[in-house]
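Content type PDB, N, CA and C atoms, from the file entry12.pdb:
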```
ATOM      1  N   MET A   1       4.772  46.990 -79.816
ATOM      2  CA  MET A   1       4.104  45.928 -79.078
ATOM      3  C   MET A   1       5.154  45.140 -78.282
ATOM      4  N   ILE A   2       4.810  44.799 -77.075
ATOM      5  CA  ILE A   2       5.743  44.074 -76.202
ATOM      6  C   ILE A   2       5.851  42.624 -76.661
ATOM      7  N   ASN A   3       7.064  42.108 -76.681
ATOM      8  CA  ASN A   3       7.197  40.726 -77.129
ATOM      9  C   ASN A   3       7.049  39.761 -75.950
ATOM     10  N   VAL A   4       6.953  38.498 -76.243
ATOM     11  CA  VAL A   4       6.664  37.477 -75.246
ATOM     12  C   VAL A   4       7.814  37.328 -74.255
ATOM     13  N   LYS A   5       9.053  37.421 -74.727
ATOM     14  CA  LYS A   5      10.199  37.266 -73.839
ATOM     15  C   LYS A   5      10.197  38.343 -72.751
ATOM     16  N   LYS A   6       9.929  39.564 -73.156
ATOM     17  CA  LYS A   6       9.895  40.655 -72.183
ATOM     18  C   LYS A   6       8.744  40.463 -71.196
ATOM     19  N   ALA A   7       7.626  40.036 -71.681
ATOM     20  CA  ALA A   7       6.477  39.827 -70.803
ATOM     21  C   ALA A   7       6.758  38.730 -69.783
ATOM     22  N   VAL A   8       7.368  37.641 -70.215
ATOM     23  CA  VAL A   8       7.705  36.540 -69.306
ATOM     24  C   VAL A   8       8.751  37.002 -68.301
ATOM     25  N   PHE A   9       9.744  37.763 -68.749
ATOM     26  CA  PHE A   9      10.763  38.270 -67.844
ATOM     27  C   PHE A   9      10.160  39.166 -66.767
ATOM     28  N   VAL A  10       9.300  40.083 -67.154
ATOM     29  CA  VAL A  10       8.671  40.987 -66.198
ATOM     30  C   VAL A  10       7.803  40.205 -65.212
ATOM     31  N   PHE A  11       7.083  39.223 -65.701
ATOM     32  CA  PHE A  11       6.253  38.399 -64.835
ATOM     33  C   PHE A  11       7.114  37.638 -63.822
ATOM     34  N   CYS A  12       8.182  37.014 -64.288
ATOM     35  CA  CYS A  12       9.056  36.245 -63.398
ATOM     36  C   CYS A  12       9.736  37.154 -62.375
ATOM     37  N   ALA A  13      10.133  38.332 -62.801
ATOM     38  CA  ALA A  13      10.757  39.273 -61.869
ATOM     39  C   ALA A  13       9.767  39.690 -60.788
ATOM     40  N   ALA A  14       8.534  39.937 -61.159
ATOM     41  CA  ALA A  14       7.515  40.332 -60.186
ATOM     42  C   ALA A  14       7.224  39.200 -59.207
ATOM     43  N   VAL A  15       7.125  37.988 -59.702
ATOM     44  CA  VAL A  15       6.880  36.834 -58.831
ATOM     45  C   VAL A  15       8.062  36.620 -57.891
ATOM     46  N   GLY A  16       9.270  36.741 -58.405
ATOM     47  CA  GLY A  16      10.460  36.579 -57.571
ATOM     48  C   GLY A  16      10.556  37.637 -56.499
ATOM     49  N   PHE A  17      10.227  38.871 -56.832
ATOM     50  CA  PHE A  17      10.265  39.966 -55.866
ATOM     51  C   PHE A  17       9.221  39.747 -54.779
ATOM     52  N   ALA A  18       8.026  39.353 -55.167
ATOM     53  CA  ALA A  18       6.967  39.093 -54.184
ATOM     54  C   ALA A  18       7.347  37.924 -53.277
ATOM     55  N   GLY A  19       7.967  36.903 -53.827
ATOM     56  CA  GLY A  19       8.410  35.765 -53.019
ATOM     57  C   GLY A  19       9.496  36.148 -52.038
ATOM     58  N   ALA A  20      10.396  37.020 -52.466
ATOM     59  CA  ALA A  20      11.466  37.466 -51.573
ATOM     60  C   ALA A  20      10.900  38.261 -50.404
ATOM     61  N   LEU A  21       9.924  39.086 -50.680
ATOM     62  CA  LEU A  21       9.312  39.868 -49.599
ATOM     63  C   LEU A  21       8.551  38.979 -48.629
ATOM     64  N   SER A  22       7.813  38.031 -49.137
ATOM     65  CA  SER A  22       6.999  37.197 -48.265
ATOM     66  C   SER A  22       7.855  36.246 -47.438
ATOM     67  N   SER A  23       9.018  35.856 -47.926
ATOM     68  CA  SER A  23       9.852  34.936 -47.155
ATOM     69  C   SER A  23      10.571  35.645 -46.025
ATOM     70  N   THR A  24      10.712  36.972 -46.104
ATOM     71  CA  THR A  24      11.373  37.697 -45.026
ATOM     72  C   THR A  24      10.372  38.198 -43.996
ATOM     73  N   ALA A  25       9.103  38.128 -44.290
ATOM     74  CA  ALA A  25       8.096  38.590 -43.341
ATOM     75  C   ALA A  25       7.817  37.504 -42.317
ATOM     76  N   TYR A  26       7.624  37.905 -41.092
ATOM     77  CA  TYR A  26       7.288  36.955 -40.046
ATOM     78  C   TYR A  26       6.397  37.638 -39.030
ATOM     79  N   ALA A  27       5.645  36.860 -38.332
ATOM     80  CA  ALA A  27       4.736  37.401 -37.329
ATOM     81  C   ALA A  27       5.471  37.508 -36.001
ATOM     82  N   LEU A  28       5.276  38.624 -35.332
ATOM     83  CA  LEU A  28       5.870  38.786 -34.016
ATOM     84  C   LEU A  28       5.054  38.017 -32.984
ATOM     85  N   PRO A  29       5.719  37.469 -31.982
ATOM     86  CA  PRO A  29       4.978  36.801 -30.910
ATOM     87  C   PRO A  29       4.222  37.837 -30.080
ATOM     88  N   THR A  30       3.222  37.398 -29.372
ATOM     89  CA  THR A  30       2.471  38.313 -28.518
ATOM     90  C   THR A  30       3.293  38.662 -27.286
ATOM     91  N   ARG A  31       2.873  39.697 -26.584
ATOM     92  CA  ARG A  31       3.548  40.093 -25.349
ATOM     93  C   ARG A  31       3.516  38.947 -24.332
ATOM     94  N   GLU A  32       2.379  38.257 -24.261
ATOM     95  CA  GLU A  32       2.254  37.146 -23.314
ATOM     96  C   GLU A  32       3.251  36.030 -23.633
ATOM     97  N   THR A  33       3.387  35.730 -24.918
ATOM     98  CA  THR A  33       4.344  34.700 -25.329
ATOM     99  C   THR A  33       5.764  35.114 -24.953
ATOM    100  N   CYS A  34       6.085  36.383 -25.156
ATOM    101  CA  CYS A  34       7.418  36.872 -24.809
ATOM    102  C   CYS A  34       7.657  36.806 -23.304
ATOM    103  N   GLU A  35       6.645  37.157 -22.522
ATOM    104  CA  GLU A  35       6.801  37.100 -21.068
ATOM    105  C   GLU A  35       6.984  35.668 -20.595
ATOM    106  N   GLU A  36       6.224  34.732 -21.163
ATOM    107  CA  GLU A  36       6.368  33.322 -20.795
ATOM    108  C   GLU A  36       7.748  32.798 -21.193
ATOM    109  N   ALA A  37       8.221  33.190 -22.376
ATOM    110  CA  ALA A  37       9.539  32.748 -22.836
ATOM    111  C   ALA A  37      10.634  33.325 -21.951
ATOM    112  N   ARG A  38      10.493  34.594 -21.565
ATOM    113  CA  ARG A  38      11.487  35.206 -20.681
ATOM    114  C   ARG A  38      11.527  34.493 -19.336
ATOM    115  N   ASP A  39      10.348  34.210 -18.774
ATOM    116  CA  ASP A  39      10.287  33.511 -17.496
ATOM    117  C   ASP A  39      10.902  32.119 -17.593
ATOM    118  N   ALA A  40      10.615  31.405 -18.679
ATOM    119  CA  ALA A  40      11.187  30.073 -18.876
ATOM    120  C   ALA A  40      12.701  30.163 -19.032
ATOM    121  N   CYS A  41      13.171  31.199 -19.689
ATOM    122  CA  CYS A  41      14.610  31.384 -19.879
ATOM    123  C   CYS A  41      15.296  31.652 -18.549
ATOM    124  N   LEU A  42      14.748  32.574 -17.775
ATOM    125  CA  LEU A  42      15.393  32.966 -16.528
ATOM    126  C   LEU A  42      15.230  31.927 -15.423
ATOM    127  N   ASN A  43      14.052  31.311 -15.324
ATOM    128  CA  ASN A  43      13.782  30.393 -14.223
ATOM    129  C   ASN A  43      14.235  28.964 -14.494
ATOM    130  N   GLU A  44      14.088  28.535 -15.754
ATOM    131  CA  GLU A  44      14.366  27.134 -16.073
ATOM    132  C   GLU A  44      15.566  26.958 -17.003
ATOM    133  N   GLY A  45      16.129  28.057 -17.475
ATOM    134  CA  GLY A  45      17.266  27.972 -18.388
ATOM    135  C   GLY A  45      16.913  27.469 -19.774
ATOM    136  N   ASP A  46      15.661  27.684 -20.186
ATOM    137  CA  ASP A  46      15.198  27.214 -21.499
ATOM    138  C   ASP A  46      15.867  28.018 -22.614
ATOM    139  N   GLN A  47      16.757  27.361 -23.366
ATOM    140  CA  GLN A  47      17.519  28.050 -24.413
ATOM    141  C   GLN A  47      16.636  28.515 -25.568
ATOM    142  N   ASN A  48      15.582  27.770 -25.879
ATOM    143  CA  ASN A  48      14.669  28.198 -26.942
ATOM    144  C   ASN A  48      13.940  29.472 -26.531
ATOM    145  N   GLY A  49      13.540  29.542 -25.281
ATOM    146  CA  GLY A  49      12.894  30.755 -24.783
ATOM    147  C   GLY A  49      13.840  31.936 -24.817
ATOM    148  N   CYS A  50      15.095  31.700 -24.441
ATOM    149  CA  CYS A  50      16.098  32.775 -24.468
ATOM    150  C   CYS A  50      16.299  33.292 -25.892
ATOM    151  N   ALA A  51      16.387  32.365 -26.845
ATOM    152  CA  ALA A  51      16.591  32.757 -28.242
ATOM    153  C   ALA A  51      15.406  33.558 -28.763
ATOM    154  N   LEU A  52      14.196  33.135 -28.408
ATOM    155  CA  LEU A  52      12.996  33.857 -28.848
ATOM    156  C   LEU A  52      12.997  35.272 -28.307
ATOM    157  N   VAL A  53      13.301  35.410 -27.031
ATOM    158  CA  VAL A  53      13.309  36.737 -26.415
ATOM    159  C   VAL A  53      14.380  37.612 -27.045
ATOM    160  N   LYS A  54      15.563  37.073 -27.254
ATOM    161  CA  LYS A  54      16.656  37.859 -27.839
ATOM    162  C   LYS A  54      16.346  38.312 -29.248
ATOM    163  N   ARG A  55      15.695  37.446 -30.033
ATOM    164  CA  ARG A  55      15.453  37.772 -31.441
ATOM    165  C   ARG A  55      14.242  38.659 -31.667
ATOM    166  N   LEU A  56      13.140  38.392 -30.942
ATOM    167  CA  LEU A  56      11.880  39.002 -31.361
ATOM    168  C   LEU A  56      11.130  39.820 -30.316
ATOM    169  N   CYS A  57      11.563  39.813 -29.084
ATOM    170  CA  CYS A  57      10.739  40.445 -28.046
ATOM    171  C   CYS A  57      11.187  41.847 -27.649
ATOM    172  N   GLY A  58      12.207  42.369 -28.296
ATOM    173  CA  GLY A  58      12.677  43.713 -27.986
ATOM    174  C   GLY A  58      11.646  44.795 -28.266
ATOM    175  N   VAL A  59      10.718  44.546 -29.177
ATOM    176  CA  VAL A  59       9.699  45.544 -29.508
ATOM    177  C   VAL A  59       8.776  45.821 -28.321
ATOM    178  N   TYR A  60       8.698  44.867 -27.385
ATOM    179  CA  TYR A  60       7.876  45.039 -26.195
ATOM    180  C   TYR A  60       8.703  45.528 -25.005
ATOM    181  N   GLY A  61       9.987  45.724 -25.208
ATOM    182  CA  GLY A  61      10.864  46.132 -24.114
ATOM    183  C   GLY A  61      11.215  44.967 -23.203
ATOM    184  N   ILE A  62      11.080  43.746 -23.710
ATOM    185  CA  ILE A  62      11.385  42.553 -22.932
ATOM    186  C   ILE A  62      12.735  42.029 -23.405
ATOM    187  N   HIS A  63      13.679  41.978 -22.484
ATOM    188  CA  HIS A  63      15.047  41.560 -22.821
ATOM    189  C   HIS A  63      15.525  40.545 -21.786
ATOM    190  N   VAL A  64      16.556  39.783 -22.153
ATOM    191  CA  VAL A  64      17.192  38.876 -21.195
ATOM    192  C   VAL A  64      18.599  39.354 -20.965
TER
END
```
Same coordinates, now as structure tokens:
Amino acid sequence: MINVKKAVFVFCAAVGFAGALSSTAYALPTRETCEEARDACLNEGDQNGCALVKRLCGVYGIHV
């Protein structure tokens, strides 16, 4: 029979693993958002837009 310490350890490990996965997941911006950010970066020098495009918009083939 499994003892309580092992059960608590397994439970905590599972919760910790699930938390680690969920904290690394993020939603990608839409293509429209990436295009607007790229335009703001190139036309207005918006550094936040540039950072967004550099980090997350490569999946759409949008680069600065």
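Rounded to one decimal, atom CA of A:Asn43 and atom CA of A:Val59 lie 21.9 Å from each other.
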Adding 5 Å on each side of the box along x, y and z that holds all listed atoms of stretch 34-42 of chain A, could you give its centre and edge lengths in Å to one decimal, as JSON?
```
{"center_x": 10.7, "center_y": 33.6, "center_z": -20.3, "size_x": 19.3, "size_y": 17.1, "size_z": 19.7}
```
Interatomic distance between atom CA of A:Tyr60 and atom CA of A:Arg31?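 Atom-to-atom, atom CA of A:Tyr60 to atom CA of A:Arg31, that is 6.6 Å.
Considering the residues A:Asn48, A:Val8, A:Ala40, A:Cys34 and counting only C-alpha atoms, A:Gly61 has its shortest atom-to-atom contact with A:Cys34.
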Nearest-residue call for A:His63, choices A:Leu28, A:Asp39, A:Ala7, A:Gln47, using only C-alpha atoms: A:Asp39
Kindly give the distance, in Å, that separates atom C of A:Pro29 and atom N of A:Val64, rounded to a single decimal.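 Computed distance, atom C of A:Pro29 to atom N of A:Val64, equals 14.8 Å.
Of the residues listed (A:Gly45, A:Asn3, A:Leu52, A:Val10), A:Leu52 shows the shortest atom-to-atom separation from A:Thr33; distances use all atoms listed in the file.
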